[in-house]
file coords.csv (CSV, C-alpha atoms and all ligand atoms)
chain,number,residue,atom,x,y,z
A,1,LEU,CA,-17.0,2.7,19.0
A,2,LYS,CA,-20.6,2.7,18.0
A,3,VAL,CA,-22.1,4.9,15.3
A,4,GLY,CA,-25.8,5.0,15.0
A,5,LEU,CA,-27.9,5.9,12.0
A,6,ILE,CA,-30.8,8.1,13.0
A,7,GLY,CA,-33.5,9.9,11.1
A,8,TYR,CA,-37.1,9.9,10.0
A,9,GLU,CA,-38.7,6.9,8.4
A,10,GLN,CA,-37.8,6.5,4.7
A,11,SER,CA,-34.9,8.9,4.8
A,12,GLY,CA,-32.5,6.4,3.4
A,13,LYS,CA,-30.8,5.1,6.5
A,14,SER,CA,-30.8,1.4,5.6
A,15,THR,CA,-29.8,2.2,2.0
A,16,LEU,CA,-26.8,4.2,3.2
A,17,TYR,CA,-26.0,1.5,5.8
A,18,ARG,CA,-25.8,-1.2,3.0
A,19,ALA,CA,-23.7,1.2,0.9
A,20,ALA,CA,-21.2,2.0,3.7
A,21,ALA,CA,-20.8,-1.8,4.4
A,22,ARG,CA,-19.8,-2.4,0.8
A,23,GLY,CA,-21.9,-5.5,0.4
A,24,THR,CA,-20.9,-7.0,3.7
A,25,ALA,CA,-23.9,-5.8,5.7
A,26,LYS,CA,-25.4,-8.5,7.8
A,27,GLY,CA,-28.2,-7.9,10.2
A,28,SER,CA,-28.3,-4.3,11.6
A,29,VAL,CA,-24.7,-3.9,12.9
A,30,THR,CA,-21.7,-4.1,10.7
A,31,ALA,CA,-18.0,-3.4,11.0
A,32,VAL,CA,-17.5,-0.9,8.2
A,33,PRO,CA,-14.0,-0.3,6.8
A,34,VAL,CA,-12.7,3.2,7.1
A,35,PRO,CA,-11.4,4.4,3.7
A,36,ASP,CA,-7.7,5.5,3.9
A,37,GLU,CA,-5.5,6.2,0.8
A,38,ARG,CA,-2.4,5.9,3.0
A,39,PHE,CA,-3.4,2.4,3.9
A,40,ASP,CA,-4.1,1.5,0.3
A,41,LYS,CA,-0.6,2.6,-0.6
A,42,ILE,CA,1.0,0.6,2.1
A,43,VAL,CA,-0.9,-2.5,1.1
A,44,ALA,CA,0.0,-2.1,-2.5
A,45,GLN,CA,3.7,-1.8,-1.6
A,46,VAL,CA,3.9,-4.6,1.1
A,47,LYS,CA,1.6,-7.0,-0.6
A,48,PRO,CA,0.8,-8.8,2.7
A,49,LYS,CA,-1.1,-12.1,2.9
A,50,LYS,CA,-3.8,-10.5,5.0
A,51,VAL,CA,-5.2,-7.0,4.9
A,52,THR,CA,-7.1,-5.6,7.9
A,53,PRO,CA,-8.4,-2.0,7.6
A,54,ALA,CA,-9.6,0.0,10.5
A,55,THR,CA,-13.3,-0.2,11.1
A,56,ILE,CA,-16.2,1.5,12.9
A,57,MET,CA,-19.3,-0.3,14.1
A,58,LEU,CA,-22.3,1.0,12.2
A,59,ASN,CA,-25.7,0.4,13.8
A,60,ASP,CA,-28.9,0.5,11.8
A,61,ASP,CA,-31.0,-0.8,14.6
A,62,ILE,CA,-32.2,2.5,16.1
A,63,GLU,CA,-36.0,3.1,15.7
A,64,SER,CA,-36.8,5.6,13.0
A,65,VAL,CA,-38.2,8.9,14.2
A,66,LYS,CA,-41.9,9.3,13.5
A,67,GLY,CA,-42.6,12.2,11.2
A,68,GLY,CA,-45.2,14.9,11.6
A,69,THR,CA,-45.3,17.8,14.1
A,70,GLY,CA,-45.8,17.3,17.8
A,71,LYS,CA,-44.5,13.8,17.8
A,72,ALA,CA,-41.8,13.6,20.5
A,73,LEU,CA,-39.0,11.1,20.4
A,74,SER,CA,-40.0,7.6,21.5
A,75,GLN,CA,-38.5,6.0,24.6
A,76,ARG,CA,-37.1,3.3,22.4
A,77,PHE,CA,-35.4,5.7,20.2
A,78,LEU,CA,-33.9,7.5,23.2
A,79,ASP,CA,-32.7,4.3,24.8
A,80,GLU,CA,-31.0,3.1,21.6
A,81,ALA,CA,-29.5,6.4,20.6
A,82,ARG,CA,-28.0,6.9,24.1
A,83,LYS,CA,-25.8,3.8,23.6
A,84,MET,CA,-24.1,5.4,20.6
A,85,ASP,CA,-20.8,7.3,20.6
A,86,LEU,CA,-21.8,9.2,17.5
A,87,LEU,CA,-25.0,9.9,15.7
A,88,LEU,CA,-25.1,9.8,11.9
A,89,HIS,CA,-28.2,11.8,10.9
A,90,VAL,CA,-29.7,10.8,7.5
A,91,VAL,CA,-32.0,13.5,6.1
A,92,ARG,CA,-34.3,12.9,3.2
A,93,ALA,CA,-33.7,15.4,0.4
A,94,PHE,CA,-35.0,13.3,-2.5
A,95,ASP,CA,-38.4,13.1,-3.9
A,96,SER,CA,-39.8,9.8,-5.1
A,97,PRO,CA,-43.3,8.5,-5.5
A,98,ILE,CA,-42.1,5.0,-4.5
A,99,ALA,CA,-41.1,6.1,-1.0
A,100,PRO,CA,-44.1,7.7,0.7
A,101,TYR,CA,-43.2,10.3,3.3
A,102,HIS,CA,-44.9,11.9,6.3
A,103,ASP,CA,-45.2,15.3,4.7
A,104,ASP,CA,-43.8,17.4,1.8
A,105,VAL,CA,-40.1,16.7,1.4
A,106,ASP,CA,-38.2,19.4,3.2
A,107,ALA,CA,-34.6,18.6,4.2
A,108,LEU,CA,-33.9,21.8,6.1
A,109,ARG,CA,-37.0,21.4,8.2
A,110,ASP,CA,-36.2,17.8,9.0
A,111,GLN,CA,-32.6,18.4,9.8
A,112,ALA,CA,-33.5,21.2,12.2
A,113,ALA,CA,-36.5,19.4,13.7
A,114,LEU,CA,-34.7,16.4,14.8
A,115,GLU,CA,-31.9,18.5,16.2
A,116,VAL,CA,-34.5,20.5,18.2
A,117,GLU,CA,-35.9,17.2,19.6
A,118,LEU,CA,-32.5,16.2,20.8
A,119,VAL,CA,-32.0,19.6,22.4
A,120,LEU,CA,-35.4,19.6,24.1
A,121,THR,CA,-34.8,16.1,25.5
A,122,ASP,CA,-31.5,17.2,27.0
A,123,LEU,CA,-33.0,20.5,28.3
A,124,GLN,CA,-35.7,18.5,30.2
A,125,ILE,CA,-33.1,16.4,31.9
A,126,VAL,CA,-31.1,19.5,32.8
A,127,GLU,CA,-34.1,21.3,34.2
A,128,ASN,CA,-35.3,18.4,36.3
A,129,ARG,CA,-31.9,17.8,37.7
A,130,LEU,CA,-31.3,21.5,38.4
A,131,GLU,CA,-34.6,21.7,40.3
A,132,ARG,CA,-33.5,18.9,42.6
A,133,LEU,CA,-29.9,20.3,43.0
A,134,GLN,CA,-31.3,23.7,44.0
A,135,LYS,CA,-32.9,22.0,47.0
A,136,SER,CA,-29.8,19.9,47.8
A,137,LEU,CA,-27.7,21.0,50.7
A,138,THR,CA,-24.5,19.3,49.4
A,139,ALA,CA,-24.8,21.3,46.2
A,140,ARG,CA,-23.9,24.4,48.3
A,141,ASN,CA,-20.6,22.9,49.2
A,142,PRO,CA,-18.0,24.3,46.7
A,143,GLY,CA,-16.1,21.4,45.3
A,144,SER,CA,-18.7,18.7,46.0
A,145,PRO,CA,-19.9,16.5,43.1
A,146,ASP,CA,-23.4,18.0,43.3
A,147,TYR,CA,-21.9,21.5,43.3
A,148,ILE,CA,-19.8,20.8,40.2
A,149,GLU,CA,-22.8,19.2,38.5
A,150,LYS,CA,-25.0,22.3,39.3
A,151,MET,CA,-22.4,24.6,37.8
A,152,VAL,CA,-22.2,22.6,34.6
A,153,PHE,CA,-26.0,22.3,34.2
A,154,GLU,CA,-26.4,26.0,34.8
A,155,ARG,CA,-23.9,26.5,32.0
A,156,LEU,CA,-25.8,24.1,29.7
A,157,LYS,CA,-29.3,25.5,30.3
A,158,GLY,CA,-29.1,28.8,28.5
A,159,PRO,CA,-27.7,27.5,25.3
A,160,LEU,CA,-30.2,24.6,25.3
A,161,GLU,CA,-33.1,27.0,25.8
A,162,ASN,CA,-31.8,28.8,22.7
A,163,GLY,CA,-31.7,25.6,20.7
A,164,THR,CA,-28.0,25.2,20.7
A,165,PRO,CA,-26.8,21.6,20.9
A,166,ILE,CA,-24.4,20.7,23.7
A,167,ARG,CA,-21.8,19.5,21.1
A,168,ALA,CA,-21.4,23.1,19.9
A,169,LEU,CA,-20.3,24.3,23.3
A,170,GLU,CA,-16.8,24.6,24.6
A,171,LEU,CA,-16.8,22.6,27.9
A,172,ASP,CA,-14.1,22.0,30.5
A,173,GLU,CA,-13.1,18.6,31.7
A,174,ASP,CA,-15.9,18.4,34.4
A,175,GLY,CA,-18.4,19.5,31.8
A,176,ARG,CA,-17.3,16.8,29.3
A,177,THR,CA,-17.4,14.1,31.9
A,178,ILE,CA,-20.9,15.0,33.1
A,179,VAL,CA,-22.2,15.3,29.5
A,180,ARG,CA,-20.8,11.8,28.8
A,181,ASN,CA,-22.2,10.3,32.0
A,182,TYR,CA,-25.6,11.6,31.3
A,183,GLN,CA,-25.4,10.5,27.7
A,184,PHE,CA,-26.9,13.8,26.5
A,185,LEU,CA,-27.9,13.2,22.9
A,186,SER,CA,-27.2,16.8,21.6
A,187,GLY,CA,-23.7,16.4,23.2
A,188,LYS,CA,-22.8,13.4,21.1
A,189,PRO,CA,-20.7,14.0,18.0
A,190,MET,CA,-22.9,14.1,14.9
A,191,VAL,CA,-22.4,13.8,11.2
A,192,VAL,CA,-25.3,14.8,8.9
A,193,ALA,CA,-25.9,13.2,5.5
A,194,PHE,CA,-28.4,14.9,3.2
A,195,ASN,CA,-29.7,12.2,1.0
A,196,VAL,CA,-30.4,13.9,-2.4
A,197,GLY,CA,-31.9,12.5,-5.6
A,198,GLU,CA,-29.6,10.8,-8.1
A,199,ASP,CA,-29.7,13.8,-10.4
A,200,GLN,CA,-28.5,16.2,-7.7
A,201,ALA,CA,-25.6,14.2,-6.4
A,202,ALA,CA,-22.9,16.0,-8.4
A,203,SER,CA,-24.4,19.5,-8.0
A,204,PRO,CA,-26.5,19.8,-4.8
A,205,PRO,CA,-29.1,22.6,-4.5
A,206,ASP,CA,-27.9,25.9,-2.9
A,207,HIS,CA,-30.1,25.7,0.1
A,208,ILE,CA,-28.6,22.4,1.1
A,209,GLN,CA,-25.1,23.6,0.5
A,210,GLU,CA,-25.8,26.7,2.7
A,211,ARG,CA,-27.0,24.5,5.5
A,212,ILE,CA,-23.9,22.3,5.2
A,213,ALA,CA,-21.7,25.4,5.5
A,214,LYS,CA,-23.7,26.5,8.6
A,215,LEU,CA,-23.4,23.1,10.3
A,216,ARG,CA,-19.7,23.0,9.7
A,217,GLU,CA,-19.3,26.5,11.3
A,218,ILE,CA,-20.6,25.0,14.5
A,219,GLY,CA,-18.4,22.0,14.2
A,220,THR,CA,-20.8,19.4,12.7
A,221,GLN,CA,-19.6,17.8,9.6
A,222,ALA,CA,-22.3,17.5,6.9
A,223,PHE,CA,-22.4,16.0,3.4
A,224,VAL,CA,-24.5,15.3,0.4
A,225,VAL,CA,-25.0,11.7,-0.5
A,226,SER,CA,-27.3,9.8,-2.9
A,227,ALA,CA,-27.8,6.6,-1.0
A,228,PRO,CA,-28.9,4.4,-4.0
A,229,ILE,CA,-25.9,5.6,-6.1
A,230,GLU,CA,-23.7,4.8,-3.1
A,231,GLU,CA,-25.2,1.3,-3.0
A,232,GLU,CA,-24.6,0.8,-6.7
A,233,ILE,CA,-21.0,1.9,-6.4
A,234,ALA,CA,-20.5,-0.5,-3.4
A,235,GLN,CA,-21.6,-3.4,-5.6
A,236,LEU,CA,-19.2,-2.6,-8.4
A,237,ASP,CA,-15.8,-4.2,-8.9
A,238,PRO,CA,-13.3,-1.7,-7.5
A,239,ALA,CA,-11.7,-1.5,-10.9
A,240,ASP,CA,-15.0,-0.3,-12.5
A,241,GLN,CA,-15.7,2.4,-9.8
A,242,PRO,CA,-13.6,5.3,-11.2
A,243,ASP,CA,-15.4,5.3,-14.6
A,244,PHE,CA,-18.8,5.0,-12.9
A,245,LEU,CA,-18.0,7.9,-10.5
A,246,GLN,CA,-16.8,10.0,-13.4
A,247,SER,CA,-19.9,9.4,-15.4
A,248,LEU,CA,-21.8,10.9,-12.4
A,249,GLY,CA,-19.5,13.8,-12.0
A,250,LEU,CA,-18.2,12.6,-8.7
A,251,ASP,CA,-14.6,12.3,-7.5
A,252,ARG,CA,-15.1,9.6,-5.0
A,253,PRO,CA,-17.9,7.9,-3.2
A,254,ALA,CA,-19.7,10.2,-0.8
A,255,SER,CA,-20.0,7.4,1.7
A,256,ASP,CA,-16.2,7.3,1.9
A,257,LYS,CA,-16.2,11.0,2.9
A,258,VAL,CA,-19.0,10.4,5.4
A,259,ILE,CA,-17.3,7.4,7.1
A,260,ARG,CA,-14.0,9.3,7.1
A,261,ALA,CA,-15.7,12.3,8.8
A,262,VAL,CA,-17.3,9.9,11.3
A,263,TYR,CA,-14.0,8.5,12.2
A,264,ASP,CA,-12.4,12.0,12.7
A,265,ALA,CA,-15.4,13.2,14.7
A,266,LEU,CA,-14.9,10.2,17.1
A,267,GLY,CA,-11.4,11.7,17.8
A,268,LEU,CA,-9.6,8.8,16.2
A,269,ILE,CA,-6.3,8.7,14.4
A,270,THR,CA,-4.7,5.7,12.7
A,271,PHE,CA,-1.4,3.9,13.1
A,272,PHE,CA,-0.2,1.1,10.8
A,273,THR,CA,1.6,-2.2,11.3
A,274,ALA,CA,3.1,-3.2,7.9
A,275,GLY,CA,3.8,-6.9,8.1
A,276,GLU,CA,4.1,-9.4,5.3
A,277,SER,CA,1.7,-11.8,6.9
A,278,GLU,CA,-0.7,-9.1,8.0
A,279,THR,CA,-0.8,-5.3,7.3
A,280,ARG,CA,-3.2,-3.6,9.5
A,281,ALA,CA,-4.7,-0.1,10.2
A,282,TRP,CA,-5.5,0.5,13.8
A,283,PRO,CA,-7.8,3.2,15.3
A,284,LEU,CA,-6.4,5.0,18.3
A,285,PRO,CA,-7.7,8.0,20.3
A,286,ARG,CA,-5.9,11.1,19.4
A,287,GLY,CA,-3.1,11.9,21.9
A,288,SER,CA,-2.5,8.2,22.9
A,289,THR,CA,1.0,6.9,23.7
A,290,ALA,CA,3.0,4.1,22.1
A,291,LEU,CA,2.1,1.9,25.1
A,292,LYS,CA,-1.6,2.4,24.4
A,293,ALA,CA,-1.0,1.6,20.8
A,294,ALA,CA,0.8,-1.6,21.9
A,295,ASP,CA,-2.1,-2.5,24.1
A,296,THR,CA,-4.5,-2.0,21.2
A,297,ILE,CA,-2.6,-4.7,19.3
A,298,HIS,CA,-2.5,-7.1,22.3
A,299,SER,CA,-2.2,-6.7,26.0
A,300,ASP,CA,0.9,-9.1,26.0
A,301,ILE,CA,2.7,-6.7,23.6
A,302,ALA,CA,2.0,-3.8,26.0
A,303,ARG,CA,3.3,-5.9,28.9
A,304,GLY,CA,6.5,-6.9,27.2
A,305,PHE,CA,7.0,-3.4,25.6
A,306,ILE,CA,10.7,-2.6,25.0
A,307,ARG,CA,10.7,0.1,22.3
A,308,SER,CA,8.8,1.1,19.3
A,309,GLU,CA,10.3,1.6,15.9
A,310,VAL,CA,8.5,4.6,14.4
A,311,VAL,CA,8.3,5.9,10.8
A,312,HIS,CA,6.0,8.9,10.1
A,313,TYR,CA,3.8,8.3,7.1
A,314,ALA,CA,5.2,11.2,5.1
A,315,ASP,CA,8.7,9.8,5.5
A,316,TYR,CA,7.5,6.3,4.5
A,317,GLU,CA,5.8,7.7,1.4
A,318,ALA,CA,8.8,9.7,0.4
A,319,ALA,CA,11.1,6.7,0.8
A,320,GLY,CA,8.8,4.2,-0.8
A,321,SER,CA,9.2,1.4,1.8
A,322,LEU,CA,10.1,0.8,5.4
A,323,ASP,CA,13.6,-0.5,4.6
A,324,ALA,CA,14.2,2.6,2.4
A,325,ALA,CA,12.9,4.9,5.2
A,326,GLN,CA,15.3,3.2,7.7
A,327,ALA,CA,18.2,3.5,5.3
A,328,ALA,CA,17.4,7.2,5.0
A,329,GLY,CA,17.6,7.6,8.8
A,330,LYS,CA,13.9,8.2,9.1
A,331,MET,CA,13.2,5.4,11.6
A,332,THR,CA,13.4,6.3,15.2
A,333,LEU,CA,13.2,4.3,18.4
A,334,GLU,CA,10.6,5.6,20.9
A,335,GLY,CA,9.6,4.7,24.4
A,336,LYS,CA,6.3,4.0,26.1
A,337,GLU,CA,5.4,7.7,26.5
A,338,TYR,CA,5.8,8.6,22.8
A,339,VAL,CA,2.6,10.2,21.5
A,340,VAL,CA,1.6,8.4,18.4
A,341,GLN,CA,1.1,10.7,15.3
A,342,ASP,CA,-1.7,10.1,12.8
A,343,GLY,CA,-0.3,7.8,10.0
A,344,ASP,CA,2.7,6.5,12.0
A,345,LEU,CA,4.0,3.0,11.0
A,346,LEU,CA,4.9,1.2,14.2
A,347,HIS,CA,6.9,-1.9,14.9
A,348,ILE,CA,6.8,-2.6,18.6
A,349,ARG,CA,9.7,-4.6,20.0
A,350,ASN,CA,8.6,-6.6,22.9
A,351,LYS,CA,9.6,-9.4,25.2
A,352,SER,CA,6.6,-11.6,24.6
B,1,LIG,N1,-35.3,7.8,-5.4
B,1,LIG,C1,-34.6,7.6,-4.3
B,1,LIG,N2,-35.1,6.7,-3.4
B,1,LIG,C2,-34.4,6.5,-2.3
B,1,LIG,C3,-33.2,7.2,-2.0
B,1,LIG,N3,-32.8,6.8,-0.8
B,1,LIG,C4,-33.6,5.9,-0.3
B,1,LIG,N4,-34.6,5.6,-1.3
B,1,LIG,C5,-35.7,4.7,-1.2
B,1,LIG,O1,-36.5,5.2,-0.1
B,1,LIG,C6,-37.0,4.0,0.6
B,1,LIG,C7,-36.6,4.1,2.1
B,1,LIG,O2,-35.2,3.9,2.1
B,1,LIG,P1,-34.6,3.2,3.4
B,1,LIG,O3,-33.1,3.2,3.2
B,1,LIG,O4,-35.2,1.9,3.7
B,1,LIG,O5,-35.0,4.3,4.5
B,1,LIG,P2,-35.0,4.1,6.1
B,1,LIG,O6,-36.4,4.0,6.6
B,1,LIG,O7,-34.4,5.5,6.6
B,1,LIG,O8,-34.1,3.0,6.5
B,1,LIG,C8,-36.5,2.8,-0.1
B,1,LIG,O9,-37.5,2.4,-1.0
B,1,LIG,C9,-35.3,3.3,-0.8
B,1,LIG,O10,-35.0,2.6,-2.0
B,1,LIG,C10,-32.8,8.2,-2.9
B,1,LIG,O11,-31.8,8.9,-2.7
B,1,LIG,N5,-33.5,8.3,-4.0
B,2,MG,MG,-34.4,1.3,7.7
call {"tool": "encode", "arguments": {"input": "coords.csv", "output": "structure tokens", "more": "lines below"}}
Ligand SMILES: Nc1nc2c(ncn2[C@@H]2O[C@H](COP(=O)(O)OP(=O)(O)O)[C@@H](O)[C@H]2O)c(=O)[nH]1
Ligand SMILES: [Mg+2]
result
Amino acid sequence: LKVGLIGYEQSGKSTLYRAAARGTAKGSVTAVPVPDERFDKIVAQVKPKKVTPATIMLNDDIESVKGGTGKALSQRFLDEARKMDLLLHVVRAFDSPIAPYHDDVDALRDQAALEVELVLTDLQIVENRLERLQKSLTARNPGSPDYIEKMVFERLKGPLENGTPIRALELDEDGRTIVRNYQFLSGKPMVVAFNVGEDQAASPPDHIQERIAKLREIGTQAFVVSAPIEEEIAQLDPADQPDFLQSLGLDRPASDKVIRAVYDALGLITFFTAGESETRAWPLPRGSTALKAADTIHSDIARGFIRSEVVHYADYEAAGSLDAAQAAGKMTLEGKEYVVQDGDLLHIRNKS
């Protein structure tokens, strides 16, 4: 699943990209590990030869948005952003003479302005399409694809005109499918990162905290980061990180929270396979079955699926190991239709 960094020039996208990649960034697309304390605990207990965390694909190849009023989004930006499953909007909230900016630094204006551009882009598509559907004869046939599309677009138009992004709306199945097919930008999940100055990382200004609260109310996760600090943390030896964080008044790296929120906003949960040769965290769409989990590991394992041994994470943690969990009667055998729970440890018995 693709996550795209978007924002104005010089807002800190590339700095945050390098930080989230923890020194493994190459080019403009990197598989970024998803921080997970549960996984860390499993790894510490199992001590496997190979450790493979869950990752998301972070893309820093989307054209920066040009600052200044009256500048619409470029076609290149639109084409690139439409390919993404989630948009990570980096907003400049730091002031620095070394990083020239298009105007006075104003984080609230920039956050809202880019959102408005996304909304207007979608509104234009909806209006154009509605105009054509109004003339279409098939759109008068209840139940026809054109009819359904017309109903959905009529539902989207009002909120878009009021500046409401599609992602804030409750849509039915038809609506969600059409929004996905049209790749509406304001309908894509979004996470916002306000990139504040180093001195504000631990206690962000009130106006930014208020905006974060407002965004969360409409279902958009938002955070404060200081991209250069995050980059510094990422370069430290993990053992030295806690002291450094503490000296800055932080509990954990902000980029951890951001990547975690991105993962959740993509609708993903995690299951674990705890083997001595390899222990691995696997992303899985929420609501997926054990068969789908098996297929995520390998299509052969899904084909030869017999049963899955399942231990819920809480039971694993309480017992201290898989063996102990089994001895305590906390391991169950489940079939293909079992709905995997976030944190489950699975061992899939199969014929292959
Ligand atoms: N002082 C300060 N400089 C920053 C911060 N974030 C980014 N920069 C600097 O701003 C410039 C632009 O950052 P970059 O990540 O390349 O922005 P991009 O154009 O959005 O990719 C670089 O010189 C960064 O070092 C920050 O939080 N504080
Ligand atoms: Mg950049």
call {"tool": "residues_near_ligand", "arguments": {"input": "coords.csv", "ligand": "ligand MG 2 (chain B)", "cutoff": "10 Å", "atoms": "all atoms listed in the file", "output": "list in words"}}
result
Leu5, Ile6, Gly7, Tyr8, Glu9, Gln10, Ser11, Gly12, Lys13, Ser14, Thr15, Leu16, Tyr17, Ser28, Asp60, Asp61, Ile62, Glu63 and Ser64 of chain A
call {"tool": "residues_around", "arguments": {"input": "coords.csv", "residues": "Arg211 of chain A", "least_positions_apart": "4", "cutoff": "9 Å", "atoms": "only C-alpha atoms", "output": "compact mmCIF listing (two decimals) with C-alpha atoms, in the coordinates of the input"}}
result
# COMPACT_ATOMS: atom_id res chain seq x y z
CA LEU A 108 -33.90 21.80 6.10
CA ASP A 206 -27.90 25.90 -2.90
CA HIS A 207 -30.10 25.70 0.10
CA LEU A 215 -23.40 23.10 10.30
CA ARG A 216 -19.70 23.00 9.70
CA ALA A 222 -22.30 17.50 6.90
call {"tool": "closest_residue", "arguments": {"input": "coords.csv", "among": "A:Val340, A:Val225, A:Ala302, A:Ile259", "to": "ligand LIG 1 (chain B)", "atoms": "all atoms listed in the file"}}
result
A:Val225
call {"tool": "closest_residue", "arguments": {"input": "coords.csv", "among": "A:Ala19, A:Ala168, A:Leu137, A:Val196", "to": "ligand LIG 1 (chain B)", "atoms": "only C-alpha atoms and all ligand atoms"}}
result
A:Val196
call {"tool": "residues_around", "arguments": {"input": "coords.csv", "residues": "Arg280 of chain A", "least_positions_apart": "2", "cutoff": "7 Å", "atoms": "all atoms listed in the file", "output": "PyMOL selection string"}}
result
chain A and resi 51-53+272-274+278+282
call {"tool": "closest_residue", "arguments": {"input": "coords.csv", "among": "A:Ser321, A:Thr164, A:Asn195, A:Thr279", "to": "ligand LIG 1 (chain B)", "atoms": "all atoms listed in the file"}}
result
A:Asn195
call {"tool": "closest_residue", "arguments": {"input": "coords.csv", "among": "A:Leu58, A:Ala99, A:Met331, A:Val192", "to": "Glu115 of chain A", "atoms": "all atoms listed in the file"}}
result
A:Val192
call {"tool": "atom_distance", "arguments": {"input": "coords.csv", "atom1": "atom CA of Thr270 of chain A", "atom2": "atom CA of Asp342 of chain A"}}
result
5.3 Å
call {"tool": "residues_around", "arguments": {"input": "coords.csv", "residues": "Arg176 of chain A", "least_positions_apart": "6", "cutoff": "12 Å", "atoms": "only C-alpha atoms", "output": "MDAnalysis selection string"}}
result
chainID A and resid 148:149 152:153 156 166:167 169:170 182:184 187:188
call {"tool": "closest_residue", "arguments": {"input": "coords.csv", "among": "A:Pro33, A:Pro205, A:Pro97, A:Gly329", "to": "ligand LIG 1 (chain B)", "atoms": "only C-alpha atoms and all ligand atoms"}}
result
A:Pro97
call {"tool": "residues_around", "arguments": {"input": "coords.csv", "residues": "Asp103 of chain A", "least_positions_apart": "5", "cutoff": "12 Å", "atoms": "all atoms listed in the file", "output": "list of chain:residue names"}}
result
A:Tyr8, A:Glu9, A:Gln10, A:Lys66, A:Gly67, A:Gly68, A:Thr69, A:Arg92, A:Asp95, A:Arg109, A:Asp110
call {"tool": "closest_residue", "arguments": {"input": "coords.csv", "among": "A:Ile212, A:Val32, A:Ala93, A:Leu236", "to": "ligand LIG 1 (chain B)", "atoms": "only C-alpha atoms and all ligand atoms"}}
result
A:Ala93
call {"tool": "residues_around", "arguments": {"input": "coords.csv", "residues": "Pro242 of chain A", "least_positions_apart": "6", "cutoff": "12 Å", "atoms": "all atoms listed in the file", "output": "list of chain:residue names"}}
result
A:Ile233, A:Ala234, A:Leu236, A:Leu248, A:Gly249, A:Leu250, A:Asp251, A:Arg252, A:Pro253
call {"tool": "atom_distance", "arguments": {"input": "coords.csv", "atom1": "atom CA of Phe94 of chain A", "atom2": "atom CA of Gly219 of chain A"}}
result
25.1 Å
call {"tool": "residues_near_point", "arguments": {"input": "coords.csv", "point": "(-25.6, 11.8, 10.9)", "cutoff": "7 Å", "atoms": "only C-alpha atoms", "output": "ChimeraX atom specification"}}
result
/A:5-6,87-90,190-193
call {"tool": "residues_near_point", "arguments": {"input": "coords.csv", "point": "(4.2, -1.6, 27.6)", "cutoff": "10 Å", "atoms": "all atoms listed in the file", "output": "PDB file with C-alpha atoms, in the frame of the given file"}}
result
ATOM      1  CA  THR A 289       1.000   6.900  23.700  1.00  0.00           C
ATOM      2  CA  ALA A 290       3.000   4.100  22.100  1.00  0.00           C
ATOM      3  CA  LEU A 291       2.100   1.900  25.100  1.00  0.00           C
ATOM      4  CA  LYS A 292      -1.600   2.400  24.400  1.00  0.00           C
ATOM      5  CA  ALA A 293      -1.000   1.600  20.800  1.00  0.00           C
ATOM      6  CA  ALA A 294       0.800  -1.600  21.900  1.00  0.00           C
ATOM      7  CA  ASP A 295      -2.100  -2.500  24.100  1.00  0.00           C
ATOM      8  CA  SER A 299      -2.200  -6.700  26.000  1.00  0.00           C
ATOM      9  CA  ASP A 300       0.900  -9.100  26.000  1.00  0.00           C
ATOM     10  CA  ILE A 301       2.700  -6.700  23.600  1.00  0.00           C
ATOM     11  CA  ALA A 302       2.000  -3.800  26.000  1.00  0.00           C
ATOM     12  CA  ARG A 303       3.300  -5.900  28.900  1.00  0.00           C
ATOM     13  CA  GLY A 304       6.500  -6.900  27.200  1.00  0.00           C
ATOM     14  CA  PHE A 305       7.000  -3.400  25.600  1.00  0.00           C
ATOM     15  CA  ILE A 306      10.700  -2.600  25.000  1.00  0.00           C
ATOM     16  CA  ARG A 307      10.700   0.100  22.300  1.00  0.00           C
ATOM     17  CA  SER A 308       8.800   1.100  19.300  1.00  0.00           C
ATOM     18  CA  GLY A 335       9.600   4.700  24.400  1.00  0.00           C
ATOM     19  CA  LYS A 336       6.300   4.000  26.100  1.00  0.00           C
ATOM     20  CA  GLU A 337       5.400   7.700  26.500  1.00  0.00           C
ATOM     21  CA  ILE A 348       6.800  -2.600  18.600  1.00  0.00           C
ATOM     22  CA  ARG A 349       9.700  -4.600  20.000  1.00  0.00           C
ATOM     23  CA  ASN A 350       8.600  -6.600  22.900  1.00  0.00           C
ATOM     24  CA  LYS A 351       9.600  -9.400  25.200  1.00  0.00           C
TER      25      LYS A 351
END
call {"tool": "atom_distance", "arguments": {"input": "coords.csv", "atom1": "atom CA of Gln209 of chain A", "atom2": "atom CA of Tyr263 of chain A"}}
result
22.1 Å
call {"tool": "decode", "arguments": {"input": "coords.csv", "residues": "segment 244-248 of chain A", "atoms": "N, CA and C atoms", "output": "compact mmCIF listing (two decimals), in the first residue's frame"}}
result
# COMPACT_ATOMS: atom_id res chain seq x y z
N PHE A 244 18.09 10.68 24.65
CA PHE A 244 17.97 11.83 23.75
C PHE A 244 16.53 12.34 23.74
N LEU A 245 15.59 11.40 23.64
CA LEU A 245 14.18 11.78 23.63
C LEU A 245 13.82 12.52 24.92
N GLN A 246 14.31 11.97 26.03
CA GLN A 246 13.98 12.55 27.33
C GLN A 246 14.53 13.96 27.44
N SER A 247 15.74 14.17 26.91
CA SER A 247 16.35 15.50 26.98
C SER A 247 15.52 16.52 26.19
N LEU A 248 14.71 16.04 25.26
CA LEU A 248 13.87 16.94 24.46
C LEU A 248 12.45 17.01 25.01
